[in-house]
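Asks: Quick one: the structure is below, questions incoming.
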Amino acid sequence: MSELTRKPLQGLADPLAPVRYLDVVLLVLAAPIVILMGGPVLGYAVGAGVWIVQRVGEAWLDAAGQRADARRAVGLKFASMIGRTWLVAIAILAVGLTAEREDGFTAAVVCLAAYTVHLATALILRPLERNPHTP
């Protein structure tokens with residue numbers, strides 16, 4: 001088994017994965033509620049979809065950065081942050097301009113809520129990632 005195929009499998013054994021990806025879990029669990037309440041489904045789908053795509057991209061680029069030297073890791077992290085922000089912004093703008101304004105607003109609120117959860121969990125998990133051997 002090559003080094004590239006073993007790395008993704010090791011991430012599945014992460015006991016903190018449900019907390020690390022709590023934002024994605026909440027987006028998926030909230031989808032039926034939005035549909036049943038008659039909310040702007042297109043806006044929710046675009047917001048949740050682009051958020052999940054950018055989180056997959058973040059995880060992939062973080063894994064690539066961990067395998068790289070320090071200079072390349074910093075470059076990947078910086079490019080990841082800028083690129084993912086533009087991806088989310090363009091998707092929100094596109095759905096707001098091509099569909100109803102409520103869809104654009106819903107997509108923005110979904111991404112803002114997901115970002116808030118992602119930021120909170122990242123801040124909580126950061127000390128655990130820096131000291132993995134602390135009891």
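If you're wondering about the labels, chains in the structure tokens are A, B, ... by order shown, residues count from 1 in each chain, ligands from 1 in order shown.
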How close does segment 95-129 of chain A get to segment 49-62 of chain A? List, as a tab-separated table, each residue of segment 95-129 of chain A within 9 Å, its nearest atom pair and the distance in Å to one decimal, counting only C-alpha atoms.

Replies:
residue	atom	partner	partner_atom	distance
A:Val110	CA	A:Trp51	CA	8.5
A:Cys111	CA	A:Trp51	CA	6.3
A:Ala114	CA	A:Trp51	CA	7.5
A:Tyr115	CA	A:Trp51	CA	8.6

Asks: For segment 96-107 of chain A, work out the shell of residues within 9 Å, counting only C-alpha atoms and skipping chain neighbours fewer than 4 positions away, then give it as a ChimeraX atom specification.

Replies: /A:39-48,91-92,111-112

Asks: Env of segment 118-129 of chain A: 9 Å cut, atoms = only C-alpha atoms, seq-sep filter 4 positions within chain, self excluded. Answer as a PDB file with C-alpha atoms, in the first residue's frame.

Replies:
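Everything below was put into selection-v6.pdb:
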ATOM      1  CA  LEU A  16     -12.745  13.550  17.171  1.00  0.00           C
ATOM      2  CA  VAL A  19     -16.706  17.067  16.478  1.00  0.00           C
ATOM      3  CA  ARG A  20     -14.233  18.201  13.818  1.00  0.00           C
ATOM      4  CA  TYR A  21     -16.955  18.002  11.144  1.00  0.00           C
ATOM      5  CA  LEU A  22     -19.874  19.116  13.327  1.00  0.00           C
ATOM      6  CA  ASP A  23     -20.654  21.931  10.884  1.00  0.00           C
ATOM      7  CA  VAL A  24     -21.201  19.448   8.046  1.00  0.00           C
ATOM      8  CA  ALA A 113     -23.859  29.547  10.549  1.00  0.00           C
ATOM      9  CA  ALA A 114     -21.618  26.733   9.306  1.00  0.00           C
ATOM     10  CA  HIS A 133       0.245  13.045  24.179  1.00  0.00           C
ATOM     11  CA  THR A 134      -1.161  15.040  27.100  1.00  0.00           C
TER      12      THR A 134
END

Asks: For Val88 of chain A, which of A:Val109, A:Val117, A:Leu76, A:Leu29 is the closest residue, counting only C-alpha atoms?

Replies: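 Counting only C-alpha atoms, the residue closest to Val88 of chain A is A:Val109.
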
Asks: Find the distance between atom CA of Ala108 of chain A and atom CA of Leu93 of chain A and write it in Å to one decimal.

Replies: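 Value for the atom CA of Ala108 of chain A-atom CA of Leu93 of chain A distance: 8.8 Å.
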
Asks: Write down as a ChimeraX atom specification the residues of chain A whose backbone DSSP state falls under helix (DSSP H, G or I).

Replies: /A:3-11,17-20,22-36,41-67,70-98,101-130
